[in-house]
$ cat model-v7.tsv   # TSV, C-alpha atoms
chain	number	residue	atom	x	y	z
A	7	MET	CA	53.52	40.87	28.34
A	8	PRO	CA	54.36	42.63	31.61
A	9	VAL	CA	57.92	42.84	32.92
A	10	LYS	CA	58.16	40.87	36.17
A	11	ILE	CA	60.56	41.79	38.98
A	12	VAL	CA	61.12	40.06	42.33
A	13	MET	CA	62.90	41.60	45.32
A	14	VAL	CA	64.64	39.15	47.66
A	15	CYS	CA	65.92	39.39	51.23
A	16	LEU	CA	66.37	36.87	54.04
A	17	GLY	CA	62.93	36.60	55.64
A	18	ASN	CA	60.69	38.61	53.27
A	19	ILE	CA	59.39	40.77	56.12
A	20	CYS	CA	61.68	43.86	56.21
A	21	ARG	CA	63.70	44.89	53.18
A	22	SER	CA	62.13	43.06	50.24
A	23	PRO	CA	58.53	44.02	51.09
A	24	LEU	CA	59.65	47.66	51.28
A	25	ALA	CA	61.51	47.34	47.98
A	26	GLU	CA	58.44	45.72	46.41
A	27	GLY	CA	56.13	48.50	47.55
A	28	ILE	CA	58.53	51.28	46.61
A	29	LEU	CA	59.32	49.97	43.13
A	30	GLN	CA	55.67	49.17	42.48
A	31	SER	CA	54.80	52.80	43.25
A	32	LYS	CA	57.33	54.01	40.65
A	33	LEU	CA	56.31	51.78	37.72
A	34	PRO	CA	53.08	51.71	35.74
A	35	SER	CA	50.96	48.62	36.19
A	36	PRO	CA	49.94	46.40	34.44
A	37	ASN	CA	53.13	46.87	32.36
A	38	PHE	CA	55.30	45.97	35.36
A	39	ILE	CA	54.62	43.43	38.11
A	40	VAL	CA	56.71	43.60	41.28
A	41	ASP	CA	56.79	40.90	43.95
A	42	SER	CA	59.09	39.89	46.81
A	43	ALA	CA	60.38	36.76	48.50
A	44	GLY	CA	62.79	35.57	51.16
A	45	THR	CA	65.57	33.03	51.00
A	46	GLY	CA	64.35	31.58	54.31
A	47	ASN	CA	61.00	29.95	55.04
A	48	TRP	CA	60.27	31.35	58.53
A	49	HIS	CA	57.70	33.94	57.45
A	50	ILE	CA	55.76	32.24	54.66
A	51	GLY	CA	52.21	33.61	54.64
A	52	LYS	CA	52.96	36.30	57.24
A	53	LYS	CA	52.63	40.05	56.80
A	54	PRO	CA	55.68	42.32	56.74
A	55	ASP	CA	57.31	43.41	59.99
A	56	ASP	CA	55.25	46.12	61.71
A	57	ARG	CA	58.21	48.51	61.46
A	58	SER	CA	58.36	48.05	57.67
A	59	VAL	CA	54.62	48.62	57.43
A	60	ALA	CA	54.93	51.77	59.58
A	61	VAL	CA	57.83	53.30	57.62
A	62	ALA	CA	56.06	52.56	54.35
A	63	LYS	CA	52.87	54.17	55.64
A	64	LYS	CA	54.83	57.20	56.83
A	65	ASN	CA	56.04	57.54	53.23
A	66	GLY	CA	52.60	57.10	51.68
A	67	LEU	CA	52.73	53.39	50.82
A	68	ASP	CA	50.59	50.52	52.07
A	69	ILE	CA	52.46	47.21	52.15
A	70	SER	CA	50.26	45.64	54.83
A	71	LYS	CA	48.51	43.29	52.39
A	72	GLN	CA	51.75	41.62	51.26
A	73	ARG	CA	52.45	38.10	52.49
A	74	GLY	CA	55.79	36.35	52.83
A	75	GLN	CA	56.92	33.69	50.41
A	76	GLN	CA	60.13	31.76	49.91
A	77	PHE	CA	62.29	32.13	46.81
A	78	ILE	CA	62.14	28.91	44.81
A	79	PRO	CA	63.88	27.82	41.59
A	80	ALA	CA	60.63	28.26	39.61
A	81	PHE	CA	61.02	32.02	40.12
A	82	TYR	CA	63.80	31.96	37.53
A	83	TYR	CA	61.12	31.14	34.96
A	84	GLN	CA	58.46	33.47	36.37
A	85	PHE	CA	60.53	36.67	36.73
A	86	ASP	CA	62.58	38.71	34.29
A	87	TYR	CA	64.68	40.40	36.99
A	88	ILE	CA	65.74	39.20	40.44
A	89	PHE	CA	67.10	41.84	42.83
A	90	VAL	CA	68.69	40.78	46.10
A	91	MET	CA	69.42	42.91	49.14
A	92	ASP	CA	72.83	41.57	50.16
A	93	GLN	CA	75.69	39.24	49.30
A	94	SER	CA	74.28	36.39	51.40
A	95	ASN	CA	70.95	36.58	49.55
A	96	TYR	CA	72.86	36.70	46.27
A	97	GLU	CA	74.82	33.54	47.04
A	98	HIS	CA	71.70	31.68	48.18
A	99	VAL	CA	69.68	32.65	45.10
A	100	ILE	CA	72.56	31.91	42.70
A	101	GLN	CA	72.85	28.38	44.14
A	102	LEU	CA	69.25	27.74	43.06
A	103	ALA	CA	69.81	28.87	39.46
A	104	PRO	CA	69.06	26.16	36.90
A	105	SER	CA	71.67	27.53	34.44
A	106	ALA	CA	74.33	30.17	33.87
A	107	GLU	CA	71.79	32.09	31.79
A	108	HIS	CA	69.41	32.24	34.74
A	109	LYS	CA	72.20	33.54	37.00
A	110	GLN	CA	72.36	36.63	34.77
A	111	LYS	CA	68.95	37.68	36.11
A	112	VAL	CA	70.28	38.10	39.67
A	113	GLN	CA	71.63	41.49	40.72
A	114	LEU	CA	72.33	43.31	43.96
A	115	LEU	CA	69.82	46.14	44.22
A	116	LEU	CA	72.26	48.79	45.43
A	117	ASN	CA	74.38	48.26	42.31
A	118	GLU	CA	71.76	50.55	40.75
A	119	LEU	CA	73.32	53.35	42.81
A	120	PHE	CA	76.87	52.02	43.18
A	121	PRO	CA	77.62	50.04	40.01
A	122	GLY	CA	79.87	47.07	40.60
A	123	GLU	CA	80.49	47.89	44.26
A	124	ASN	CA	78.19	45.13	45.59
A	125	VAL	CA	76.98	47.21	48.54
A	126	ASP	CA	74.52	45.48	50.88
A	127	VAL	CA	71.20	46.90	52.03
A	128	PRO	CA	71.62	46.43	55.80
A	129	ASP	CA	69.06	44.25	57.52
A	130	PRO	CA	67.22	46.54	59.97
A	131	TYR	CA	65.56	43.68	61.90
A	132	TYR	CA	67.96	43.72	64.87
A	133	GLY	CA	69.32	47.22	64.31
A	134	LEU	CA	68.72	50.71	65.65
A	135	ALA	CA	65.28	52.28	65.92
A	136	ASN	CA	65.92	54.50	62.90
A	137	GLY	CA	67.24	51.58	60.84
A	138	PHE	CA	63.98	51.14	58.99
A	139	ASP	CA	63.97	54.82	57.99
A	140	GLN	CA	67.53	54.55	56.72
A	141	VAL	CA	66.77	51.38	54.79
A	142	TYR	CA	63.65	52.98	53.31
A	143	GLN	CA	65.70	55.92	52.02
A	144	MET	CA	68.32	53.60	50.49
A	145	LEU	CA	65.66	51.48	48.84
A	146	ASP	CA	63.79	54.54	47.59
A	147	GLN	CA	66.91	55.90	45.87
A	148	ALA	CA	67.83	52.52	44.39
A	149	CYS	CA	64.28	51.87	43.21
A	150	GLU	CA	64.10	55.32	41.61
A	151	ALA	CA	67.26	54.57	39.62
A	152	LEU	CA	65.98	51.09	38.77
A	153	ALA	CA	62.58	52.39	37.68
A	154	GLN	CA	64.21	54.90	35.34
A	155	ARG	CA	66.38	52.15	33.84
A	156	LEU	CA	63.45	49.76	33.43
A	157	LEU	CA	61.27	52.44	31.83
A	158	GLN	CA	64.05	53.15	29.31
A	159	THR	CA	64.69	49.46	28.66
A	160	HIS	CA	60.99	48.55	28.42
A	161	PRO	CA	59.10	51.59	27.05
A	162	TYR	CA	55.37	51.15	26.72

$ encode --input "model-v7.tsv" --output "structure tokens"
Amino acid sequence: MPVKIVMVCLGNICRSPLAEGILQSKLPSPNFIVDSAGTGNWHIGKKPDDRSVAVAKKNGLDISKQRGQQFIPAFYYQFDYIFVMDQSNYEHVIQLAPSAEHKQKVQLLLNELFPGENVDVPDPYYGLANGFDQVYQMLDQACEALAQRLLQTHPY
């Protein structure tokens, strides 16, 4: 049975698609399945932001085939791990949890690098031109640490 991970941000067009693509590139499939979603519904069915696609491509990843979806309570049953990009995403996702046990699945992604510090991945959507590069580097480091932890926890 593959380990299933979902990455969550606000709109599912900037941070979570990048995190999905990065983590997917670091884990062996079919043993691990990585997906992404947004807490909002504005971009359902749409491709990631062109700037996310471009920074991924610059780093050797193709995320252009991903399509936006909204995080729904059923994801608690479909995924083993739920990683959110910031405190706002965390609060939104936690509100949808069917039980205290399900809430245990939700973690802030950057806690992989900064345990217990609850550091946010900044949303690059309205930020500086190099914001997507900076976010990519953060996500790459966090996903590397996460991949190592998952491979130790779930050896195949």

$ residues_around --input "model-v7.tsv" --residues "region 109-111 of chain A" --least-positions-apart "2" --cutoff "9 Å" --atoms "all atoms listed in the file" --output "list of chain:residue names"
A:Tyr82, A:Phe85, A:Asp86, A:Tyr87, A:Ile88, A:Phe89, A:Val99, A:Ile100, A:Gln101, A:Leu102, A:Ala103, A:Pro104, A:Ser105, A:Ala106, A:Glu107, A:Gln113

$ closest_residue --input "model-v7.tsv" --among "A:Ser35, A:Gln30, A:Gln143, A:Asn117" --to "Asn65 (chain A)" --atoms "all atoms listed in the file"
A:Gln143

$ residues_around --input "model-v7.tsv" --residues "Ala153 (chain A)" --least-positions-apart "2" --cutoff "8 Å" --atoms "all atoms listed in the file" --output "list in words"
Leu29, Lys32, Leu33, Cys149, Glu150, Ala151, Arg155, Leu156 and Leu157 of chain A

$ closest_residue --input "model-v7.tsv" --among "A:Pro121, A:Pro8, A:Gly44, A:Pro79" --to "Ser94 (chain A)" --atoms "only C-alpha atoms"
A:Gly44

$ atom_distance --input "model-v7.tsv" --atom1 "CA of Ala43 (chain A)" --atom2 "CA of Phe138 (chain A)"
18.2 Å

$ closest_residue --input "model-v7.tsv" --among "A:Asn47, A:Cys15, A:Asp146, A:Gln75" --to "Ser31 (chain A)" --atoms "all atoms listed in the file"
A:Asp146

$ closest_residue --input "model-v7.tsv" --among "A:Ala148, A:Ala60, A:Ile50, A:Val12" --to "Leu115 (chain A)" --atoms "all atoms listed in the file"
A:Ala148

$ residues_around --input "model-v7.tsv" --residues "Lys52 (chain A)" --least-positions-apart "2" --cutoff "12 Å" --atoms "only C-alpha atoms" --output "NGL selection string"
:A and (17-20 or 23 or 43-44 or 47-50 or 54-56 or 70-76)

$ write_last_selection --input "model-v7.tsv" --atoms "C-alpha atoms" --output "PDB file, in the frame of the given file"
ATOM      1  CA  GLY A  17      62.930  36.600  55.640  1.00  0.00           C
ATOM      2  CA  ASN A  18      60.690  38.610  53.270  1.00  0.00           C
ATOM      3  CA  ILE A  19      59.390  40.770  56.120  1.00  0.00           C
ATOM      4  CA  CYS A  20      61.680  43.860  56.210  1.00  0.00           C
ATOM      5  CA  PRO A  23      58.530  44.020  51.090  1.00  0.00           C
ATOM      6  CA  ALA A  43      60.380  36.760  48.500  1.00  0.00           C
ATOM      7  CA  GLY A  44      62.790  35.570  51.160  1.00  0.00           C
ATOM      8  CA  ASN A  47      61.000  29.950  55.040  1.00  0.00           C
ATOM      9  CA  TRP A  48      60.270  31.350  58.530  1.00  0.00           C
ATOM     10  CA  HIS A  49      57.700  33.940  57.450  1.00  0.00           C
ATOM     11  CA  ILE A  50      55.760  32.240  54.660  1.00  0.00           C
ATOM     12  CA  PRO A  54      55.680  42.320  56.740  1.00  0.00           C
ATOM     13  CA  ASP A  55      57.310  43.410  59.990  1.00  0.00           C
ATOM     14  CA  ASP A  56      55.250  46.120  61.710  1.00  0.00           C
ATOM     15  CA  SER A  70      50.260  45.640  54.830  1.00  0.00           C
ATOM     16  CA  LYS A  71      48.510  43.290  52.390  1.00  0.00           C
ATOM     17  CA  GLN A  72      51.750  41.620  51.260  1.00  0.00           C
ATOM     18  CA  ARG A  73      52.450  38.100  52.490  1.00  0.00           C
ATOM     19  CA  GLY A  74      55.790  36.350  52.830  1.00  0.00           C
ATOM     20  CA  GLN A  75      56.920  33.690  50.410  1.00  0.00           C
ATOM     21  CA  GLN A  76      60.130  31.760  49.910  1.00  0.00           C
TER      22      GLN A  76
END

$ closest_residue --input "model-v7.tsv" --among "A:Gly51, A:Gly122, A:Gly46, A:Gly66" --to "Val14 (chain A)" --atoms "all atoms listed in the file"
A:Gly46

$ residues_around --input "model-v7.tsv" --residues "Leu114 (chain A)" --least-positions-apart "6" --cutoff "10 Å" --atoms "all atoms listed in the file" --output "JSON, numbers by chain"
{"A": [13, 14, 88, 89, 90, 91, 92, 93, 95, 96, 120, 121, 122, 123, 124, 125, 126, 127]}

$ atom_distance --input "model-v7.tsv" --atom1 "CA of Gln140 (chain A)" --atom2 "CA of Gln154 (chain A)"
21.6 Å

$ atom_distance --input "model-v7.tsv" --atom1 "CA of Ser42 (chain A)" --atom2 "CA of Ser22 (chain A)"
5.6 Å

$ closest_residue --input "model-v7.tsv" --among "A:Met144, A:Val9, A:Leu67, A:Val59" --to "Ile28 (chain A)" --atoms "only C-alpha atoms"
A:Leu67

$ build_atoms --input "model-v7.tsv" --residues "region 74-88 of chain A" --atoms "N, CA, C and O atoms" --output "tab-separated table (two decimals), in the coordinates of the input"
chain	number	residue	atom	x	y	z
A	74	GLY	N	54.48	36.94	53.07
A	74	GLY	CA	55.79	36.35	52.83
A	74	GLY	C	55.73	35.08	52.01
A	74	GLY	O	54.80	34.29	52.13
A	75	GLN	N	56.75	34.92	51.18
A	75	GLN	CA	56.92	33.69	50.41
A	75	GLN	C	58.41	33.40	50.29
A	75	GLN	O	59.24	34.30	50.44
A	76	GLN	N	58.73	32.15	50.03
A	76	GLN	CA	60.13	31.76	49.91
A	76	GLN	C	60.53	31.73	48.43
A	76	GLN	O	59.76	31.29	47.58
A	77	PHE	N	61.75	32.19	48.17
A	77	PHE	CA	62.29	32.13	46.81
A	77	PHE	C	62.51	30.68	46.45
A	77	PHE	O	63.13	29.93	47.20
A	78	ILE	N	62.00	30.28	45.29
A	78	ILE	CA	62.14	28.91	44.81
A	78	ILE	C	62.70	28.93	43.39
A	78	ILE	O	62.58	29.94	42.69
A	79	PRO	N	63.30	27.85	42.93
A	79	PRO	CA	63.88	27.82	41.59
A	79	PRO	C	62.90	28.20	40.47
A	79	PRO	O	63.31	28.80	39.47
A	80	ALA	N	61.63	27.91	40.63
A	80	ALA	CA	60.63	28.26	39.61
A	80	ALA	C	60.59	29.76	39.34
A	80	ALA	O	60.19	30.19	38.25
A	81	PHE	N	61.02	30.56	40.31
A	81	PHE	CA	61.02	32.02	40.12
A	81	PHE	C	61.93	32.44	38.96
A	81	PHE	O	61.72	33.49	38.36
A	82	TYR	N	62.93	31.64	38.66
A	82	TYR	CA	63.80	31.96	37.53
A	82	TYR	C	63.02	31.97	36.22
A	82	TYR	O	63.39	32.66	35.28
A	83	TYR	N	61.95	31.19	36.16
A	83	TYR	CA	61.12	31.14	34.96
A	83	TYR	C	59.99	32.15	35.01
A	83	TYR	O	59.48	32.57	33.97
A	84	GLN	N	59.59	32.56	36.21
A	84	GLN	CA	58.46	33.47	36.37
A	84	GLN	C	58.85	34.95	36.30
A	84	GLN	O	58.03	35.78	35.97
A	85	PHE	N	60.11	35.27	36.64
A	85	PHE	CA	60.53	36.67	36.73
A	85	PHE	C	61.63	37.00	35.73
A	85	PHE	O	62.50	36.17	35.46
A	86	ASP	N	61.58	38.23	35.23
A	86	ASP	CA	62.58	38.71	34.29
A	86	ASP	C	63.82	39.24	35.01
A	86	ASP	O	64.93	39.18	34.49
A	87	TYR	N	63.61	39.81	36.19
A	87	TYR	CA	64.68	40.40	36.99
A	87	TYR	C	64.55	39.91	38.43
A	87	TYR	O	63.45	39.87	38.98
A	88	ILE	N	65.70	39.61	39.05
A	88	ILE	CA	65.74	39.20	40.44
A	88	ILE	C	66.74	40.12	41.15
A	88	ILE	O	67.93	40.11	40.81
